[in-house]
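Raw contents of data12.pdb, PDB, C-alpha atoms:
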```
ATOM      1  CA  MET A 191     -14.473 -17.957 -30.302
ATOM      2  CA  PHE A 192     -12.019 -15.443 -28.817
ATOM      3  CA  LEU A 193     -12.820 -12.476 -26.639
ATOM      4  CA  ARG A 194     -11.652  -9.132 -27.968
ATOM      5  CA  LEU A 195      -9.959  -7.258 -25.140
ATOM      6  CA  SER A 196      -9.012  -3.614 -24.987
ATOM      7  CA  PRO A 197      -5.282  -2.907 -24.458
ATOM      8  CA  ARG A 198      -6.021  -1.962 -20.862
ATOM      9  CA  HIS A 199      -7.972  -5.118 -20.058
ATOM     10  CA  GLY A 200      -5.564  -7.213 -22.077
ATOM     11  CA  SER A 201      -2.590  -6.006 -20.044
ATOM     12  CA  ARG A 202      -4.474  -6.714 -16.827
ATOM     13  CA  LEU A 203      -5.252 -10.221 -18.001
ATOM     14  CA  LEU A 204      -1.619 -10.820 -18.926
ATOM     15  CA  THR A 205      -0.570  -9.532 -15.524
ATOM     16  CA  ARG A 206      -2.915 -11.961 -13.780
ATOM     17  CA  ILE A 207      -1.667 -14.822 -15.905
ATOM     18  CA  TYR A 208       1.901 -13.769 -15.146
ATOM     19  CA  SER A 209       1.212 -13.699 -11.419
ATOM     20  CA  ALA A 210      -0.653 -16.993 -11.332
ATOM     21  CA  VAL A 211       1.474 -19.035 -13.713
ATOM     22  CA  ALA A 212       4.762 -17.543 -14.830
ATOM     23  CA  ALA A 213       5.852 -16.552 -11.353
ATOM     24  CA  ARG A 214       5.289 -20.080 -10.026
ATOM     25  CA  ARG A 215       8.105 -21.817 -11.931
ATOM     26  CA  CYS A 216      11.360 -20.606 -13.371
ATOM     27  CA  PRO A 217      11.132 -20.257 -17.173
ATOM     28  CA  SER A 218      14.795 -21.228 -17.400
ATOM     29  CA  CYS A 219      15.168 -24.310 -15.193
ATOM     30  CA  SER A 220      11.496 -25.022 -14.283
ATOM     31  CA  ALA A 221      12.314 -25.020 -10.577
ATOM     32  CA  PRO A 222       9.531 -23.760  -8.278
ATOM     33  CA  LEU A 223       9.964 -20.072  -7.515
ATOM     34  CA  PRO A 224       9.885 -19.199  -3.804
ATOM     35  CA  THR A 225       8.164 -15.838  -4.369
ATOM     36  CA  ALA A 226       5.901 -14.120  -6.890
ATOM     37  CA  LEU A 227       8.991 -12.559  -8.475
ATOM     38  CA  PRO A 228      10.472 -13.918 -11.728
ATOM     39  CA  THR A 229      13.703 -14.497  -9.831
ATOM     40  CA  CYS A 230      15.211 -17.951  -9.436
ATOM     41  CA  PRO A 231      17.903 -18.573  -6.812
ATOM     42  CA  SER A 232      18.416 -22.082  -8.205
ATOM     43  CA  CYS A 233      19.783 -21.096 -11.622
ATOM     44  CA  SER A 234      20.271 -17.321 -11.127
ATOM     45  CA  HIS A 235      17.617 -16.436 -13.690
ATOM     46  CA  ILE A 236      16.048 -13.007 -13.234
ATOM     47  CA  GLU A 237      13.625 -10.953 -15.312
ATOM     48  CA  PRO A 238      12.266  -7.396 -15.055
ATOM     49  CA  LEU A 239       8.874  -7.079 -13.407
ATOM     50  CA  PRO A 240       5.977  -6.258 -15.756
ATOM     51  CA  SER A 241       5.010  -2.594 -15.477
ATOM     52  CA  THR A 242       1.364  -3.623 -15.043
ATOM     53  CA  LEU A 243       2.051  -5.801 -12.007
ATOM     54  CA  SER A 244       0.185  -4.437  -8.979
ATOM     55  CA  TYR A 245       1.718  -4.081  -5.536
ATOM     56  CA  HIS A 246      -0.609  -6.797  -4.282
ATOM     57  CA  ASP A 247       0.545  -9.166  -7.029
ATOM     58  CA  ILE A 248       4.205  -8.511  -6.220
ATOM     59  CA  PHE A 249       3.660 -10.110  -2.815
ATOM     60  CA  GLY A 250       1.030 -12.604  -3.919
ATOM     61  CA  LEU A 251      -1.628 -10.863  -1.827
ATOM     62  CA  PRO A 252      -5.309 -10.942  -2.807
ATOM     63  CA  SER A 253      -6.822  -7.719  -4.107
ATOM     64  CA  VAL A 254     -10.366  -9.094  -4.144
ATOM     65  CA  PRO A 255     -12.864  -8.751  -2.691
ATOM     66  CA  ASN A 256     -11.257  -5.789  -0.897
ATOM     67  CA  PRO A 257      -7.751  -4.510  -1.775
ATOM     68  CA  PHE A 258      -7.650  -2.436   1.411
ATOM     69  CA  CYS A 259      -7.638  -5.589   3.556
ATOM     70  CA  VAL A 260      -3.996  -6.617   3.839
ATOM     71  CA  ASN A 261      -2.523  -9.058   6.342
ATOM     72  CA  THR A 262       0.512  -7.034   7.401
ATOM     73  CA  GLN A 263       2.239 -10.029   8.998
ATOM     74  CA  THR A 264       2.032 -11.946   5.724
ATOM     75  CA  LEU A 265       3.136  -8.823   3.859
ATOM     76  CA  LYS A 266       6.219  -8.423   6.048
ATOM     77  CA  ALA A 267       7.181 -12.097   5.794
ATOM     78  CA  ARG A 268       6.886 -12.109   2.004
ATOM     79  CA  PHE A 269       8.742  -8.826   1.716
ATOM     80  CA  LEU A 270      11.698 -10.143   3.706
ATOM     81  CA  GLN A 271      11.737 -13.360   1.692
ATOM     82  CA  ALA A 272      11.576 -11.558  -1.654
ATOM     83  CA  GLN A 273      14.094  -8.899  -0.649
ATOM     84  CA  LYS A 274      16.572 -11.573   0.358
ATOM     85  CA  ILE A 275      16.308 -13.178  -3.076
ATOM     86  CA  CYS A 276      16.558 -10.035  -5.205
ATOM     87  CA  HIS A 277      18.848  -7.875  -3.067
ATOM     88  CA  PRO A 278      21.505  -6.347  -5.359
ATOM     89  CA  ASP A 279      24.325  -7.669  -3.164
ATOM     90  CA  ALA A 280      23.196 -11.221  -3.944
ATOM     91  CA  TRP A 281      23.606 -10.484  -7.663
ATOM     92  CA  SER A 282      26.860  -8.537  -7.571
ATOM     93  CA  GLY A 283      28.795 -11.340  -9.271
ATOM     94  CA  LYS A 284      26.127 -12.367 -11.783
ATOM     95  CA  GLY A 285      26.712  -9.709 -14.425
ATOM     96  CA  LYS A 286      25.743  -6.055 -14.832
ATOM     97  CA  LYS A 287      22.403  -6.771 -16.524
ATOM     98  CA  GLU A 288      21.290  -9.155 -13.783
ATOM     99  CA  HIS A 289      22.534  -6.798 -11.068
ATOM    100  CA  ASP A 290      20.619  -3.863 -12.567
ATOM    101  CA  ILE A 291      17.412  -5.909 -12.775
ATOM    102  CA  ALA A 292      17.844  -7.013  -9.157
ATOM    103  CA  ALA A 293      18.385  -3.398  -8.068
ATOM    104  CA  ALA A 294      15.197  -2.337  -9.856
ATOM    105  CA  GLN A 295      13.251  -5.204  -8.287
ATOM    106  CA  SER A 296      14.586  -4.365  -4.840
ATOM    107  CA  ALA A 297      13.641  -0.692  -5.165
ATOM    108  CA  LEU A 298      10.129  -1.559  -6.316
ATOM    109  CA  LEU A 299       9.759  -4.087  -3.507
ATOM    110  CA  ASN A 300      10.611  -1.419  -0.938
ATOM    111  CA  LYS A 301       8.149   1.035  -2.450
ATOM    112  CA  ALA A 302       5.373  -1.554  -2.689
ATOM    113  CA  TYR A 303       5.988  -2.740   0.866
ATOM    114  CA  GLN A 304       5.900   0.730   2.407
ATOM    115  CA  THR A 305       2.781   1.579   0.414
ATOM    116  CA  LEU A 306       0.798  -1.494   1.435
ATOM    117  CA  LEU A 307       2.030  -1.364   5.037
ATOM    118  CA  SER A 308       0.595   2.111   5.641
ATOM    119  CA  PRO A 309      -3.231   2.252   5.614
ATOM    120  CA  LEU A 310      -3.147   5.819   4.280
ATOM    121  CA  GLN A 311      -0.635   5.100   1.516
ATOM    122  CA  ARG A 312      -2.483   1.884   0.693
ATOM    123  CA  ALA A 313      -5.775   3.747   0.345
ATOM    124  CA  ASN A 314      -4.199   6.424  -1.843
ATOM    125  CA  TYR A 315      -2.600   3.746  -4.023
ATOM    126  CA  ILE A 316      -5.946   1.997  -4.504
ATOM    127  CA  LEU A 317      -7.684   5.294  -5.235
ATOM    128  CA  ALA A 318      -4.987   6.271  -7.733
ATOM    129  CA  GLN A 319      -5.767   3.090  -9.644
ATOM    130  CA  GLN A 320      -9.312   4.431  -9.935
ATOM    131  CA  GLY A 321      -8.154   7.795 -11.255
ATOM    132  CA  LEU A 322      -8.381   9.555  -7.877
ATOM    133  CA  SER A 323      -4.761  10.385  -7.137
ATOM    134  CA  GLU A 324      -3.735  12.245  -3.999
ATOM    135  CA  SER A 325      -3.341  15.993  -4.452
ATOM    136  CA  GLU A 326      -1.831  18.769  -2.351
ATOM    137  CA  THR A 327      -5.100  20.642  -2.816
ATOM    138  CA  ASP A 328      -7.152  17.919  -1.099
ATOM    139  CA  ARG A 329      -9.105  19.478   1.756
ATOM    140  CA  LEU A 330     -11.834  18.496   4.183
ATOM    141  CA  GLY A 331     -15.273  19.541   3.014
ATOM    142  CA  ASP A 332     -17.354  18.699   6.081
ATOM    143  CA  THR A 333     -17.706  21.631   8.498
ATOM    144  CA  GLU A 334     -18.248  19.438  11.557
ATOM    145  CA  LEU A 335     -15.205  17.382  10.667
ATOM    146  CA  ILE A 336     -13.102  20.517  10.248
ATOM    147  CA  MET A 337     -14.157  21.626  13.731
ATOM    148  CA  GLU A 338     -13.258  18.208  15.144
ATOM    149  CA  VAL A 339      -9.785  18.439  13.605
ATOM    150  CA  MET A 340      -9.298  21.940  15.020
ATOM    151  CA  GLU A 341     -10.367  20.798  18.481
ATOM    152  CA  ALA A 342      -7.982  17.837  18.314
ATOM    153  CA  ARG A 343      -5.118  20.166  17.437
ATOM    154  CA  GLU A 344      -6.026  22.552  20.244
ATOM    155  CA  GLU A 345      -6.172  19.676  22.724
ATOM    156  CA  LEU A 346      -2.663  18.665  21.737
ATOM    157  CA  GLU A 347      -1.313  22.222  21.863
ATOM    158  CA  GLU A 348      -2.774  22.747  25.335
ATOM    159  CA  ALA A 349      -1.435  19.463  26.712
ATOM    160  CA  THR A 350       1.134  20.397  29.364
ATOM    161  CA  SER A 351       1.826  16.997  30.910
ATOM    162  CA  GLY A 352       2.756  13.560  29.690
ATOM    163  CA  GLU A 353      -0.621  12.234  30.762
ATOM    164  CA  ALA A 354      -2.456  14.929  28.809
ATOM    165  CA  VAL A 355      -0.393  14.214  25.694
ATOM    166  CA  GLU A 356      -1.051  10.490  25.985
ATOM    167  CA  LEU A 357      -4.777  11.107  26.418
ATOM    168  CA  ALA A 358      -4.839  13.296  23.305
ATOM    169  CA  ARG A 359      -2.910  10.641  21.444
ATOM    170  CA  GLN A 360      -5.298   7.865  22.436
ATOM    171  CA  ARG A 361      -8.294   9.903  21.350
ATOM    172  CA  ASN A 362      -6.637  10.569  18.015
ATOM    173  CA  ARG A 363      -5.792   6.897  17.560
ATOM    174  CA  ASP A 364      -9.459   6.134  18.103
ATOM    175  CA  ARG A 365     -10.235   8.551  15.271
ATOM    176  CA  ILE A 366      -7.621   6.875  13.067
ATOM    177  CA  ASN A 367      -9.070   3.423  13.754
ATOM    178  CA  ARG A 368     -12.586   4.694  13.087
ATOM    179  CA  THR A 369     -11.589   6.256   9.782
ATOM    180  CA  GLN A 370      -9.674   3.166   8.677
ATOM    181  CA  LYS A 371     -12.772   1.035   9.261
ATOM    182  CA  ILE A 372     -14.835   3.479   7.221
ATOM    183  CA  LEU A 373     -12.238   3.356   4.437
ATOM    184  CA  GLU A 374     -12.275  -0.430   4.429
ATOM    185  CA  LYS A 375     -16.055  -0.448   4.064
ATOM    186  CA  LEU A 376     -16.156   2.200   1.338
ATOM    187  CA  ILE A 377     -13.393   0.603  -0.719
ATOM    188  CA  GLY A 378     -15.033  -2.793  -0.351
ATOM    189  CA  GLU A 379     -18.249  -1.278  -1.705
ATOM    190  CA  ARG A 380     -16.343   0.480  -4.523
ATOM    191  CA  ARG A 381     -17.628   3.865  -3.373
ATOM    192  CA  TRP A 382     -14.544   5.623  -4.650
ATOM    193  CA  ASP A 383     -15.562   9.270  -4.212
ATOM    194  CA  ASP A 384     -16.569   8.693  -0.591
ATOM    195  CA  ALA A 385     -13.409   6.660  -0.014
ATOM    196  CA  LYS A 386     -11.391   9.583  -1.332
ATOM    197  CA  LYS A 387     -12.984  11.865   1.279
ATOM    198  CA  ALA A 388     -12.230   9.332   4.016
ATOM    199  CA  ALA A 389      -8.604   9.125   2.882
ATOM    200  CA  VAL A 390      -8.294  12.903   3.160
ATOM    201  CA  GLU A 391      -9.748  12.702   6.671
ATOM    202  CA  LEU A 392      -7.273   9.968   7.621
ATOM    203  CA  LYS A 393      -4.434  12.161   6.383
ATOM    204  CA  TYR A 394      -5.428  14.873   8.869
ATOM    205  CA  TRP A 395      -5.594  12.440  11.783
ATOM    206  CA  GLU A 396      -2.200  10.992  10.891
ATOM    207  CA  THR A 397      -0.765  14.509  10.760
ATOM    208  CA  ILE A 398      -1.868  14.951  14.367
ATOM    209  CA  GLU A 399      -0.370  11.557  15.255
ATOM    210  CA  ASN A 400       2.959  12.701  13.818
ATOM    211  CA  ALA A 401       2.722  15.913  15.831
ATOM    212  CA  VAL A 402       2.327  13.829  19.001
ATOM    213  CA  LYS A 403       5.462  11.865  18.116
ATOM    214  CA  ASP A 404       7.377  15.126  17.760
ATOM    215  CA  LEU A 405       6.515  15.948  21.380
ATOM    216  CA  GLU A 406       8.073  12.739  22.682
TER     217      GLU A 406
END
```

Output the file's structure as structure tokens, nothing else.
Amino acid sequence: MFLRLSPRHGSRLLTRIYSAVAARRCPSCSAPLPTALPTCPSCSHIEPLPSTLSYHDIFGLPSVPNPFCVNTQTLKARFLQAQKICHPDAWSGKGKKEHDIAAAQSALLNKAYQTLLSPLQRANYILAQQGLSESETDRLGDTELIMEVMEAREELEEATSGEAVELARQRNRDRINRTQKILEKLIGERRWDDAKKAAVELKYWETIENAVKDLE
């Protein structure tokens, strides 16, 4: 008896199979592949990445039970390893088709890496997969939270010494850490609407963090 899958679930299943099986060995020479990419340095075989492949799958990172939990050291190590293998310069003498595929892989690797490295971008990526994409119209809805953001901005604007700026920065980093922990919990519990609100809050705190950097 076969299960009847919708196109959406079928593509997800194929993606998982691709990540778990096809990316392990080269389909051309059967050599073990050093990364989750369908790119073989042994025989110079390279294939386009499936459009349904998630950013987590690209780096062989788990997305369950909580896709927000990412080991950034592992992410960086796997990014550097994969980028070395598919960098366009390494495929410059392999033919135009292979070079173009490598360039596309490299560009996607960079985008996936930057997205998963940043807690805010990572959260927005996860939420987008749930139909809750980031919007320029996203605003804070909690009055107390709005007041807290305004006070944080005023504290930074009124800081006249290096010590005062650093104090404001540390307080804001505490807010960032607090909000990231809330996001991790909400995403782990699949409370998407609440996670969306927390992501908007994190965006405000990171805006203040960037303002502090501009003062340095």

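Excluding region 396-403 of chain A itself and any same-chain residue fewer than 6 positions from it, the protein and nucleic acid residues within 8 Å of it, counting all atoms listed in the file, are Ala342, Arg343, Leu346, Val355, Arg359, Asn362, Arg363 and Ile366 of chain A.
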
Expected file: the selected residues, C-alpha atoms, as a short mmCIF file (atom, residue, chain, number, x, y, z; two decimals), in the coordinates of the input:
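Written file, again-v1.cif:
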```
data_model
loop_
_atom_site.label_atom_id
_atom_site.label_comp_id
_atom_site.auth_asym_id
_atom_site.auth_seq_id
_atom_site.Cartn_x
_atom_site.Cartn_y
_atom_site.Cartn_z
CA ALA A 342 -7.98 17.84 18.31
CA ARG A 343 -5.12 20.17 17.44
CA LEU A 346 -2.66 18.66 21.74
CA VAL A 355 -0.39 14.21 25.69
CA ARG A 359 -2.91 10.64 21.44
CA ASN A 362 -6.64 10.57 18.02
CA ARG A 363 -5.79 6.90 17.56
CA ILE A 366 -7.62 6.88 13.07
#
```

Q. How would you write, as a ChimeraX atom specification, the residues chosen by the PyMOL selection byres ((chain A and resi 370-379) around 8) on this structure?
A. /A:255-259,309,313,366-369,380-382,384-385,388-389,392

Q: Would you kindly return, as a list in words, each protein, DNA or RNA residue with an atom no farther than 9 Å from any atom of Lys301 (chain A), considering only C-alpha atoms and excluding same-chain residues fewer than 5 positions away?
A: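 So the residues in contact are Tyr245, Ser296 and Leu306 of chain A.
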
Q: Could you check which of A:Pro224, A:Arg312, A:His289, A:Arg214 is closest to His246 (chain A), using only C-alpha atoms?
A: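 Of A:Pro224, A:Arg312, A:His289, A:Arg214, the one nearest His246 (chain A), counting only C-alpha atoms, is A:Arg312.
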
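CA of Gln320 (chain A) is positioned 27.0 Å from CA of Pro228 (chain A).
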
Q.
Assuming the chain letters and numbering stay as they are in my file, what does the PyMOL selection byres ((chain A and resi 331) around 12) actually select? List them as a list of chain:residue names.
A. A:Thr327, A:Asp328, A:Arg329, A:Leu330, A:Asp332, A:Thr333, A:Glu334, A:Leu335, A:Ile336, A:Met337, A:Val339, A:Asp384, A:Lys386, A:Lys387, A:Ala388, A:Val390, A:Glu391

Q | Two-atom distance - CA of Gln304 (chain A), CA of His235 (chain A) (Å) | A | 26.3 Å

**Q.** Distance criterion (all atoms listed in the file): nearest to Ile248 (chain A) out of A:Gln271, A:Gln263, A:Ser232, A:Ser218
**A.**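 Smallest separation from Ile248 (chain A) among the options: A:Gln271.
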
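Each of A:Cys233, A:Val260, A:Leu251, A:Ile291 was checked against Pro278 (chain A) using only C-alpha atoms; the smallest atom-to-atom distance is that of A:Ile291.
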
Q: Would you mind reading off the distance between CA of Ala354 (chain A) and CA of Ser308 (chain A), one decimal, in Å?
A: 26.7 Å

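Distance annotation: of A:Ala318, A:Ala267, A:Leu405, A:Ala292, the residue with the minimal separation from Thr350 (chain A) is A:Leu405; atom set is all atoms listed in the file.
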
Q: Give me the residues within 9 Å of Gln273 (chain A) as number ranges by chain, counting only C-alpha atoms and dropping any in the same chain fewer than 4 places off.
A: A: 268-269, 277, 295-296, 299-300

Store the residues picked out above, limited to C-alpha atoms, as a compact mmCIF listing (two decimals), in the coordinates of the input.
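The resulting file, selection.txt, is reproduced below:
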```
# COMPACT_ATOMS: atom_id res chain seq x y z
CA ARG A 268 6.89 -12.11 2.00
CA PHE A 269 8.74 -8.83 1.72
CA HIS A 277 18.85 -7.88 -3.07
CA GLN A 295 13.25 -5.20 -8.29
CA SER A 296 14.59 -4.36 -4.84
CA LEU A 299 9.76 -4.09 -3.51
CA ASN A 300 10.61 -1.42 -0.94
```
